[in-house]
Each structure stands twice: as structure tokens, then as C-alpha cells.
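Student: See coords-v9.txt below, with compact mmCIF, N, CA and C atoms.
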```txt
# COMPACT_ATOMS: atom_id res chain seq x y z
N GLN A 1 -19.19 13.97 -1.05
CA GLN A 1 -19.59 14.21 0.31
C GLN A 1 -18.61 13.52 1.25
N GLU A 2 -18.55 13.99 2.46
CA GLU A 2 -17.60 13.45 3.42
C GLU A 2 -18.38 12.87 4.59
N GLN A 3 -18.49 11.56 4.63
CA GLN A 3 -19.23 10.93 5.71
C GLN A 3 -18.40 9.88 6.41
N LEU A 4 -17.15 9.79 6.05
CA LEU A 4 -16.23 8.91 6.74
C LEU A 4 -15.30 9.78 7.57
N VAL A 5 -14.83 9.27 8.69
CA VAL A 5 -14.01 10.07 9.61
C VAL A 5 -12.66 9.40 9.78
N GLU A 6 -11.62 10.07 9.29
CA GLU A 6 -10.28 9.52 9.40
C GLU A 6 -9.56 10.06 10.62
N SER A 7 -8.58 9.30 11.06
CA SER A 7 -7.70 9.74 12.15
C SER A 7 -6.38 9.00 12.02
N GLY A 8 -5.38 9.47 12.77
CA GLY A 8 -4.11 8.76 12.82
C GLY A 8 -2.98 9.38 12.05
N GLY A 9 -3.25 10.44 11.30
CA GLY A 9 -2.17 11.10 10.57
C GLY A 9 -1.27 11.87 11.51
N GLY A 10 -0.17 12.37 10.96
CA GLY A 10 0.75 13.14 11.78
C GLY A 10 2.11 13.24 11.14
N LEU A 11 3.06 13.70 11.94
CA LEU A 11 4.44 13.85 11.50
C LEU A 11 5.25 12.67 12.03
N VAL A 12 5.99 12.04 11.15
CA VAL A 12 6.79 10.89 11.54
C VAL A 12 8.13 10.96 10.82
N GLN A 13 9.15 10.43 11.44
CA GLN A 13 10.47 10.42 10.82
C GLN A 13 10.58 9.32 9.78
N PRO A 14 11.44 9.48 8.80
CA PRO A 14 11.66 8.40 7.82
C PRO A 14 11.98 7.09 8.51
N GLY A 15 11.38 6.03 8.01
CA GLY A 15 11.55 4.72 8.62
C GLY A 15 10.52 4.39 9.67
N GLY A 16 9.76 5.38 10.08
CA GLY A 16 8.75 5.17 11.11
C GLY A 16 7.48 4.57 10.57
N SER A 17 6.49 4.44 11.47
CA SER A 17 5.21 3.83 11.11
C SER A 17 4.05 4.71 11.59
N LEU A 18 2.94 4.58 10.90
CA LEU A 18 1.68 5.21 11.30
C LEU A 18 0.55 4.25 10.95
N ARG A 19 -0.52 4.32 11.72
CA ARG A 19 -1.72 3.59 11.35
C ARG A 19 -2.88 4.57 11.22
N LEU A 20 -3.42 4.62 10.02
CA LEU A 20 -4.59 5.46 9.78
C LEU A 20 -5.85 4.65 10.05
N SER A 21 -6.84 5.31 10.61
CA SER A 21 -8.13 4.68 10.86
C SER A 21 -9.22 5.46 10.15
N CYS A 22 -10.27 4.77 9.79
CA CYS A 22 -11.41 5.40 9.10
C CYS A 22 -12.70 4.82 9.67
N ASP A 23 -13.44 5.65 10.35
CA ASP A 23 -14.71 5.26 10.97
C ASP A 23 -15.83 5.39 9.95
N VAL A 24 -16.50 4.28 9.65
CA VAL A 24 -17.59 4.30 8.67
C VAL A 24 -18.95 4.21 9.34
N SER A 25 -19.02 4.32 10.65
CA SER A 25 -20.26 4.06 11.38
C SER A 25 -21.38 5.05 11.09
N LYS A 26 -21.04 6.23 10.55
CA LYS A 26 -22.08 7.21 10.26
C LYS A 26 -22.92 6.82 9.05
N LEU A 27 -22.44 5.88 8.29
CA LEU A 27 -23.17 5.46 7.10
C LEU A 27 -24.14 4.35 7.47
N THR A 28 -25.34 4.45 6.93
CA THR A 28 -26.35 3.42 7.21
C THR A 28 -26.45 2.41 6.08
N GLN A 29 -25.92 2.78 4.92
CA GLN A 29 -25.99 1.86 3.79
C GLN A 29 -24.99 0.72 3.94
N SER A 30 -25.29 -0.37 3.28
CA SER A 30 -24.31 -1.44 3.22
C SER A 30 -23.17 -1.01 2.32
N LEU A 31 -21.97 -1.27 2.77
CA LEU A 31 -20.80 -0.85 2.02
C LEU A 31 -20.10 -2.04 1.38
N GLY A 32 -19.48 -1.80 0.25
CA GLY A 32 -18.76 -2.83 -0.46
C GLY A 32 -17.28 -2.61 -0.40
N ALA A 33 -16.68 -2.35 -1.56
CA ALA A 33 -15.23 -2.17 -1.64
C ALA A 33 -14.78 -0.95 -0.84
N ARG A 34 -13.54 -1.00 -0.37
CA ARG A 34 -12.94 0.11 0.39
C ARG A 34 -11.57 0.43 -0.21
N ALA A 35 -11.13 1.63 0.07
CA ALA A 35 -9.81 2.01 -0.46
C ALA A 35 -9.24 3.18 0.33
N TRP A 36 -7.95 3.35 0.16
CA TRP A 36 -7.25 4.54 0.64
C TRP A 36 -6.62 5.22 -0.57
N PHE A 37 -6.82 6.53 -0.63
CA PHE A 37 -6.21 7.37 -1.67
C PHE A 37 -5.31 8.39 -0.97
N ARG A 38 -4.49 9.04 -1.77
CA ARG A 38 -3.69 10.15 -1.22
C ARG A 38 -3.53 11.22 -2.29
N GLN A 39 -3.29 12.43 -1.80
CA GLN A 39 -3.07 13.54 -2.70
C GLN A 39 -1.94 14.40 -2.16
N ALA A 40 -0.86 14.44 -2.90
CA ALA A 40 0.28 15.28 -2.56
C ALA A 40 0.08 16.66 -3.18
N PRO A 41 0.77 17.67 -2.67
CA PRO A 41 0.62 19.02 -3.23
C PRO A 41 0.86 19.05 -4.74
N GLU A 42 -0.08 19.68 -5.43
CA GLU A 42 0.01 19.87 -6.88
C GLU A 42 -0.02 18.56 -7.66
N LYS A 43 -0.54 17.53 -7.07
CA LYS A 43 -0.68 16.25 -7.76
C LYS A 43 -2.12 15.77 -7.70
N GLU A 44 -2.45 14.87 -8.61
CA GLU A 44 -3.78 14.29 -8.62
C GLU A 44 -3.94 13.30 -7.46
N ARG A 45 -5.18 13.13 -7.03
CA ARG A 45 -5.45 12.13 -6.01
C ARG A 45 -5.24 10.75 -6.64
N GLU A 46 -4.52 9.89 -5.94
CA GLU A 46 -4.20 8.57 -6.48
C GLU A 46 -4.53 7.49 -5.47
N VAL A 47 -4.83 6.31 -5.97
CA VAL A 47 -5.15 5.20 -5.10
C VAL A 47 -3.87 4.63 -4.52
N VAL A 48 -3.93 4.28 -3.24
CA VAL A 48 -2.80 3.69 -2.54
C VAL A 48 -3.03 2.20 -2.34
N SER A 49 -4.25 1.87 -1.89
CA SER A 49 -4.58 0.49 -1.60
C SER A 49 -6.08 0.32 -1.65
N ALA A 50 -6.54 -0.89 -1.98
CA ALA A 50 -7.96 -1.16 -2.05
C ALA A 50 -8.23 -2.60 -1.61
N MET A 51 -9.48 -2.82 -1.22
CA MET A 51 -9.83 -4.16 -0.76
C MET A 51 -11.28 -4.46 -1.10
N THR A 52 -11.61 -5.74 -1.17
CA THR A 52 -12.98 -6.16 -1.42
C THR A 52 -13.78 -6.14 -0.12
N ILE A 53 -15.06 -6.40 -0.23
CA ILE A 53 -15.93 -6.37 0.94
C ILE A 53 -15.50 -7.38 2.00
N THR A 54 -14.95 -8.50 1.58
CA THR A 54 -14.53 -9.51 2.54
C THR A 54 -13.18 -9.19 3.16
N GLY A 55 -12.40 -8.36 2.47
CA GLY A 55 -11.06 -8.08 2.92
C GLY A 55 -10.05 -9.14 2.50
N LEU A 56 -10.53 -10.16 1.81
CA LEU A 56 -9.62 -11.25 1.42
C LEU A 56 -8.79 -10.90 0.20
N ASN A 57 -9.31 -10.04 -0.65
CA ASN A 57 -8.57 -9.59 -1.84
C ASN A 57 -8.17 -8.14 -1.65
N THR A 58 -6.89 -7.88 -1.84
CA THR A 58 -6.37 -6.53 -1.67
C THR A 58 -5.49 -6.15 -2.86
N TRP A 59 -5.29 -4.86 -3.00
CA TRP A 59 -4.44 -4.33 -4.08
C TRP A 59 -3.61 -3.20 -3.49
N TYR A 60 -2.38 -3.08 -3.95
CA TYR A 60 -1.50 -2.01 -3.48
C TYR A 60 -0.78 -1.37 -4.66
N ALA A 61 -0.58 -0.07 -4.57
CA ALA A 61 0.26 0.61 -5.54
C ALA A 61 1.69 0.08 -5.40
N ASP A 62 2.40 0.00 -6.49
CA ASP A 62 3.77 -0.53 -6.46
C ASP A 62 4.65 0.20 -5.45
N SER A 63 4.40 1.49 -5.31
CA SER A 63 5.26 2.31 -4.45
C SER A 63 5.12 1.97 -2.97
N VAL A 64 4.03 1.28 -2.59
CA VAL A 64 3.81 0.98 -1.17
C VAL A 64 3.75 -0.52 -0.90
N LYS A 65 3.82 -1.30 -1.93
CA LYS A 65 3.70 -2.76 -1.78
C LYS A 65 4.77 -3.28 -0.84
N GLY A 66 4.35 -4.11 0.09
CA GLY A 66 5.27 -4.67 1.06
C GLY A 66 5.48 -3.81 2.29
N ARG A 67 5.01 -2.58 2.26
CA ARG A 67 5.17 -1.67 3.40
C ARG A 67 3.84 -1.24 4.01
N PHE A 68 2.77 -1.21 3.24
CA PHE A 68 1.46 -0.79 3.71
C PHE A 68 0.54 -2.01 3.77
N ILE A 69 -0.39 -1.98 4.73
CA ILE A 69 -1.37 -3.04 4.86
C ILE A 69 -2.74 -2.42 5.08
N ILE A 70 -3.69 -2.80 4.22
CA ILE A 70 -5.07 -2.34 4.36
C ILE A 70 -5.87 -3.42 5.08
N SER A 71 -6.77 -3.02 5.94
CA SER A 71 -7.59 -3.99 6.67
C SER A 71 -8.86 -3.32 7.17
N LYS A 72 -9.77 -4.11 7.71
CA LYS A 72 -10.98 -3.55 8.31
C LYS A 72 -11.46 -4.43 9.44
N ASP A 73 -12.17 -3.81 10.36
CA ASP A 73 -12.78 -4.51 11.47
C ASP A 73 -14.26 -4.16 11.45
N ASP A 74 -15.07 -5.05 10.93
CA ASP A 74 -16.50 -4.76 10.78
C ASP A 74 -17.18 -4.57 12.13
N ALA A 75 -16.71 -5.24 13.15
CA ALA A 75 -17.32 -5.10 14.47
C ALA A 75 -17.14 -3.68 15.01
N LYS A 76 -16.06 -3.03 14.59
CA LYS A 76 -15.79 -1.66 15.02
C LYS A 76 -16.16 -0.63 13.95
N ASN A 77 -16.68 -1.09 12.83
CA ASN A 77 -17.03 -0.18 11.73
C ASN A 77 -15.84 0.70 11.34
N THR A 78 -14.70 0.09 11.27
CA THR A 78 -13.47 0.84 11.03
C THR A 78 -12.59 0.12 10.02
N MET A 79 -11.98 0.90 9.14
CA MET A 79 -10.97 0.37 8.24
C MET A 79 -9.64 1.03 8.58
N TYR A 80 -8.57 0.37 8.19
CA TYR A 80 -7.24 0.82 8.59
C TYR A 80 -6.27 0.82 7.42
N LEU A 81 -5.22 1.62 7.57
CA LEU A 81 -4.07 1.55 6.68
C LEU A 81 -2.82 1.60 7.57
N GLN A 82 -2.18 0.47 7.71
CA GLN A 82 -0.93 0.40 8.45
C GLN A 82 0.21 0.76 7.50
N MET A 83 0.98 1.75 7.87
CA MET A 83 2.05 2.25 6.99
C MET A 83 3.38 2.08 7.72
N ASN A 84 4.25 1.29 7.14
CA ASN A 84 5.56 1.00 7.74
C ASN A 84 6.68 1.48 6.84
N SER A 85 7.86 1.59 7.43
CA SER A 85 9.05 1.99 6.66
C SER A 85 8.77 3.23 5.82
N LEU A 86 8.23 4.22 6.47
CA LEU A 86 7.76 5.40 5.75
C LEU A 86 8.91 6.20 5.14
N LYS A 87 8.65 6.73 3.95
CA LYS A 87 9.61 7.54 3.22
C LYS A 87 9.04 8.93 2.98
N PRO A 88 9.88 9.93 2.84
CA PRO A 88 9.37 11.30 2.63
C PRO A 88 8.43 11.43 1.44
N GLU A 89 8.62 10.61 0.42
CA GLU A 89 7.78 10.74 -0.77
C GLU A 89 6.34 10.31 -0.57
N VAL A 90 6.01 9.73 0.56
CA VAL A 90 4.61 9.37 0.80
C VAL A 90 3.85 10.51 1.50
N THR A 91 4.53 11.60 1.75
CA THR A 91 3.87 12.76 2.36
C THR A 91 2.72 13.23 1.49
N ALA A 92 1.53 13.28 2.10
CA ALA A 92 0.32 13.65 1.36
C ALA A 92 -0.85 13.71 2.33
N ILE A 93 -1.98 14.14 1.82
CA ILE A 93 -3.24 14.00 2.55
C ILE A 93 -3.83 12.65 2.14
N TYR A 94 -4.19 11.86 3.13
CA TYR A 94 -4.72 10.52 2.88
C TYR A 94 -6.22 10.51 3.11
N TYR A 95 -6.93 9.88 2.18
CA TYR A 95 -8.39 9.82 2.23
C TYR A 95 -8.85 8.36 2.22
N CYS A 96 -9.79 8.03 3.07
CA CYS A 96 -10.43 6.73 2.95
C CYS A 96 -11.67 6.88 2.08
N ALA A 97 -12.06 5.78 1.46
CA ALA A 97 -13.20 5.79 0.56
C ALA A 97 -13.93 4.47 0.66
N ALA A 98 -15.25 4.53 0.46
CA ALA A 98 -16.08 3.34 0.51
C ALA A 98 -17.09 3.39 -0.62
N ALA A 99 -17.38 2.23 -1.15
CA ALA A 99 -18.34 2.12 -2.25
C ALA A 99 -19.58 1.37 -1.81
N THR A 100 -20.69 1.68 -2.42
CA THR A 100 -21.87 0.85 -2.25
C THR A 100 -21.76 -0.28 -3.27
N GLY A 101 -22.67 -1.19 -3.23
CA GLY A 101 -22.61 -2.30 -4.17
C GLY A 101 -22.07 -3.56 -3.52
N ALA A 102 -21.94 -4.58 -4.31
CA ALA A 102 -21.58 -5.89 -3.79
C ALA A 102 -20.17 -5.93 -3.21
N GLY A 103 -19.24 -5.26 -3.90
CA GLY A 103 -17.89 -5.19 -3.37
C GLY A 103 -17.06 -6.43 -3.55
N TRP A 104 -17.39 -7.27 -4.51
CA TRP A 104 -16.63 -8.50 -4.71
C TRP A 104 -15.34 -8.28 -5.48
N SER A 105 -15.24 -7.13 -6.12
CA SER A 105 -14.03 -6.82 -6.88
C SER A 105 -13.25 -5.69 -6.24
N VAL A 106 -11.94 -5.75 -6.37
CA VAL A 106 -11.11 -4.64 -5.93
C VAL A 106 -11.28 -3.49 -6.92
N GLU A 107 -11.50 -2.30 -6.42
CA GLU A 107 -11.72 -1.14 -7.26
C GLU A 107 -10.62 -0.11 -7.01
N SER A 108 -9.89 0.24 -8.07
CA SER A 108 -8.83 1.23 -7.91
C SER A 108 -9.18 2.58 -8.53
N ARG A 109 -10.33 2.65 -9.19
CA ARG A 109 -10.75 3.91 -9.81
C ARG A 109 -11.40 4.82 -8.79
N ARG A 110 -11.05 6.08 -8.85
CA ARG A 110 -11.61 7.05 -7.92
C ARG A 110 -13.13 7.13 -8.04
N ASP A 111 -13.65 7.06 -9.28
CA ASP A 111 -15.09 7.21 -9.47
C ASP A 111 -15.89 5.98 -9.06
N ALA A 112 -15.22 4.95 -8.60
CA ALA A 112 -15.93 3.76 -8.10
C ALA A 112 -16.43 3.96 -6.69
N TYR A 113 -15.98 5.01 -6.02
CA TYR A 113 -16.29 5.20 -4.60
C TYR A 113 -17.31 6.30 -4.39
N ASP A 114 -18.23 6.03 -3.47
CA ASP A 114 -19.36 6.92 -3.22
C ASP A 114 -19.16 7.81 -2.00
N TYR A 115 -18.37 7.34 -1.05
CA TYR A 115 -18.22 8.08 0.20
C TYR A 115 -16.74 8.29 0.49
N TRP A 116 -16.44 9.47 1.02
CA TRP A 116 -15.07 9.86 1.27
C TRP A 116 -14.92 10.48 2.65
N GLY A 117 -13.72 10.35 3.20
CA GLY A 117 -13.40 11.06 4.42
C GLY A 117 -12.89 12.45 4.11
N GLN A 118 -12.63 13.20 5.17
CA GLN A 118 -12.20 14.57 5.02
C GLN A 118 -10.69 14.67 4.76
N GLY A 119 -9.98 13.59 4.95
CA GLY A 119 -8.55 13.59 4.72
C GLY A 119 -7.77 13.78 6.01
N THR A 120 -6.63 13.13 6.09
CA THR A 120 -5.74 13.31 7.23
C THR A 120 -4.31 13.45 6.69
N GLN A 121 -3.60 14.43 7.22
CA GLN A 121 -2.27 14.74 6.73
C GLN A 121 -1.24 13.76 7.27
N VAL A 122 -0.43 13.23 6.38
CA VAL A 122 0.71 12.40 6.75
C VAL A 122 1.96 13.09 6.24
N THR A 123 2.88 13.39 7.14
CA THR A 123 4.12 14.05 6.77
C THR A 123 5.29 13.22 7.27
N VAL A 124 6.16 12.86 6.35
CA VAL A 124 7.34 12.08 6.70
C VAL A 124 8.56 12.97 6.50
N SER A 125 9.20 13.32 7.59
CA SER A 125 10.31 14.26 7.51
C SER A 125 11.19 14.11 8.75
N SER A 126 12.47 14.35 8.55
CA SER A 126 13.39 14.33 9.68
C SER A 126 13.58 15.74 10.24
```
How does the structure come out when it is put into C-alpha cells?

Tutor:
Amino acid sequence: QEQLVESGGGLVQPGGSLRLSCDVSKLTQSLGARAWFRQAPEKEREVVSAMTITGLNTWYADSVKGRFIISKDDAKNTMYLQMNSLKPEVTAIYYCAAATGAGWSVESRRDAYDYWGQGTQVTVSS
């Protein structure tokens, strides 16, 4: 089901930056771990970054480590993915995801997440 609302995708030149946002305010349940996934054409959906409920523990795919930052603002019911130094190979549809449960562990498995956004297209091209 899609109960998270993403925004911030678009077309950007190589080397540029984008910040994706994910509004979780429509959910009434307590949420735990959060993550961002992406799916490129003809490829499986893969995890990009994940975080625990506190936001203190994070995980990044090797391909984005040092360039992407996951975060959340509980007061705004929003999670973010700051993407810097973008490369064409990161072009994909990006999805935010949230899990119920305690959320003390970082979860990188797709089946660990209960709620998903509709996806936002990120295209890196000159």
C-alpha cells in the first residue's frame, strides 16, 4: 500500500544535488525503522539507505556512501534523503519506506517495511 508521500525528485545534471522528502503524517501508527529504496528500469528494487527510529544509526549502500544522507524531522513528520554529487547511474524511481515495530535496528530488507510511498523519479543527465 502507498501511504507515504514523496516529493523532490526531478532532472539534475551530473554533480548536482537533490533532496527527497517523504511525508509520513497520513499514518496514525507508531513508526520504527525508515529507509529509501530505488528501482531503475529492468532492475530489482534495492535499498539505498536506512535508519533506526532514533536516526542515530544509519546504513548506506556502498554506491552512495559519502554522497547521500538520510535523516528525519519528527516534528514535521518527514524523512529526507539528501543526494549530492549525483551520477547518471543513480537514475531511478526512489521510494521511501517505513516499518512498524520498535525500530532499534537498521533494516535493509525490503520485506521489513510495511508502508511505502508512490515513488519519485530522479534523473541525472546532462

Student: Segment 54-66 of chain A: which residues within 8 Å, counting only N, CA and C atoms, same-chain residues fewer than 3 positions away excluded, as a PyMOL selection string?

Tutor: chain A and resi 32-34+47-51+69-72+84-85+102-107

Student: Smallest atom-to-atom distance to Lys87 of chain A: which of A:Gln121, A:Gln13, A:Gln39, A:Ser7, using all atoms listed in the file?

Tutor: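 Smallest distance to Lys87 of chain A is found for A:Gln13.
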
Student: Could you write out as JSON the box around segment 91-108 of chain A (axis-aligned, all atoms listed in the file, 5 Å on each side), with centre and edge lengths in Å to one decimal?

Tutor:
```
{"center_x": -9.1, "center_y": 2.8, "center_z": -2.7, "size_x": 37.2, "size_y": 32.6, "size_z": 21.7}
```

Student: Mind pulling up the distance from atom CA of Ser126 of chain A to atom CA of Gly9 of chain A?

Tutor: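 Computing it gives 15.9 Å between the two atoms.
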
Student: List the neighbours of Leu18 of chain A out to 12 Å using only C-alpha atoms; skip same-chain residues closer than 4 positions along the sequence, and give me the result as a compact mmCIF listing (two decimals) with N, CA and C atoms, in the frame of the given file.

Tutor:
```txt
# COMPACT_ATOMS: atom_id res chain seq x y z
N SER A 7 -8.58 9.30 11.06
CA SER A 7 -7.70 9.74 12.15
C SER A 7 -6.38 9.00 12.02
N GLY A 8 -5.38 9.47 12.77
CA GLY A 8 -4.11 8.76 12.82
C GLY A 8 -2.98 9.38 12.05
N GLY A 9 -3.25 10.44 11.30
CA GLY A 9 -2.17 11.10 10.57
C GLY A 9 -1.27 11.87 11.51
N GLY A 10 -0.17 12.37 10.96
CA GLY A 10 0.75 13.14 11.78
C GLY A 10 2.11 13.24 11.14
N LEU A 11 3.06 13.70 11.94
CA LEU A 11 4.44 13.85 11.50
C LEU A 11 5.25 12.67 12.03
N VAL A 12 5.99 12.04 11.15
CA VAL A 12 6.79 10.89 11.54
C VAL A 12 8.13 10.96 10.82
N GLN A 13 9.15 10.43 11.44
CA GLN A 13 10.47 10.42 10.82
C GLN A 13 10.58 9.32 9.78
N PRO A 14 11.44 9.48 8.80
CA PRO A 14 11.66 8.40 7.82
C PRO A 14 11.98 7.09 8.51
N ARG A 67 5.01 -2.58 2.26
CA ARG A 67 5.17 -1.67 3.40
C ARG A 67 3.84 -1.24 4.01
N PHE A 68 2.77 -1.21 3.24
CA PHE A 68 1.46 -0.79 3.71
C PHE A 68 0.54 -2.01 3.77
N ILE A 69 -0.39 -1.98 4.73
CA ILE A 69 -1.37 -3.04 4.86
C ILE A 69 -2.74 -2.42 5.08
N TYR A 80 -8.57 0.37 8.19
CA TYR A 80 -7.24 0.82 8.59
C TYR A 80 -6.27 0.82 7.42
N LEU A 81 -5.22 1.62 7.57
CA LEU A 81 -4.07 1.55 6.68
C LEU A 81 -2.82 1.60 7.57
N GLN A 82 -2.18 0.47 7.71
CA GLN A 82 -0.93 0.40 8.45
C GLN A 82 0.21 0.76 7.50
N MET A 83 0.98 1.75 7.87
CA MET A 83 2.05 2.25 6.99
C MET A 83 3.38 2.08 7.72
N ASN A 84 4.25 1.29 7.14
CA ASN A 84 5.56 1.00 7.74
C ASN A 84 6.68 1.48 6.84
N SER A 85 7.86 1.59 7.43
CA SER A 85 9.05 1.99 6.66
C SER A 85 8.77 3.23 5.82
N LEU A 86 8.23 4.22 6.47
CA LEU A 86 7.76 5.40 5.75
C LEU A 86 8.91 6.20 5.14
N LYS A 87 8.65 6.73 3.95
CA LYS A 87 9.61 7.54 3.22
C LYS A 87 9.04 8.93 2.98
N VAL A 90 6.01 9.73 0.56
CA VAL A 90 4.61 9.37 0.80
C VAL A 90 3.85 10.51 1.50
N THR A 91 4.53 11.60 1.75
CA THR A 91 3.87 12.76 2.36
C THR A 91 2.72 13.23 1.49
N TYR A 94 -4.19 11.86 3.13
CA TYR A 94 -4.72 10.52 2.88
C TYR A 94 -6.22 10.51 3.11
N THR A 120 -6.63 13.13 6.09
CA THR A 120 -5.74 13.31 7.23
C THR A 120 -4.31 13.45 6.69
N GLN A 121 -3.60 14.43 7.22
CA GLN A 121 -2.27 14.74 6.73
C GLN A 121 -1.24 13.76 7.27
N VAL A 122 -0.43 13.23 6.38
CA VAL A 122 0.71 12.40 6.75
C VAL A 122 1.96 13.09 6.24
N THR A 123 2.88 13.39 7.14
CA THR A 123 4.12 14.05 6.77
C THR A 123 5.29 13.22 7.27
N VAL A 124 6.16 12.86 6.35
CA VAL A 124 7.34 12.08 6.70
C VAL A 124 8.56 12.97 6.50
```

Student: Using only C-alpha atoms, which of the listed residues (A:Gly117, A:Pro41, A:Gly15, A:Pro88) sits closest to Gln3 of chain A?

Tutor: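 Smallest distance to Gln3 of chain A is found for A:Gly117.
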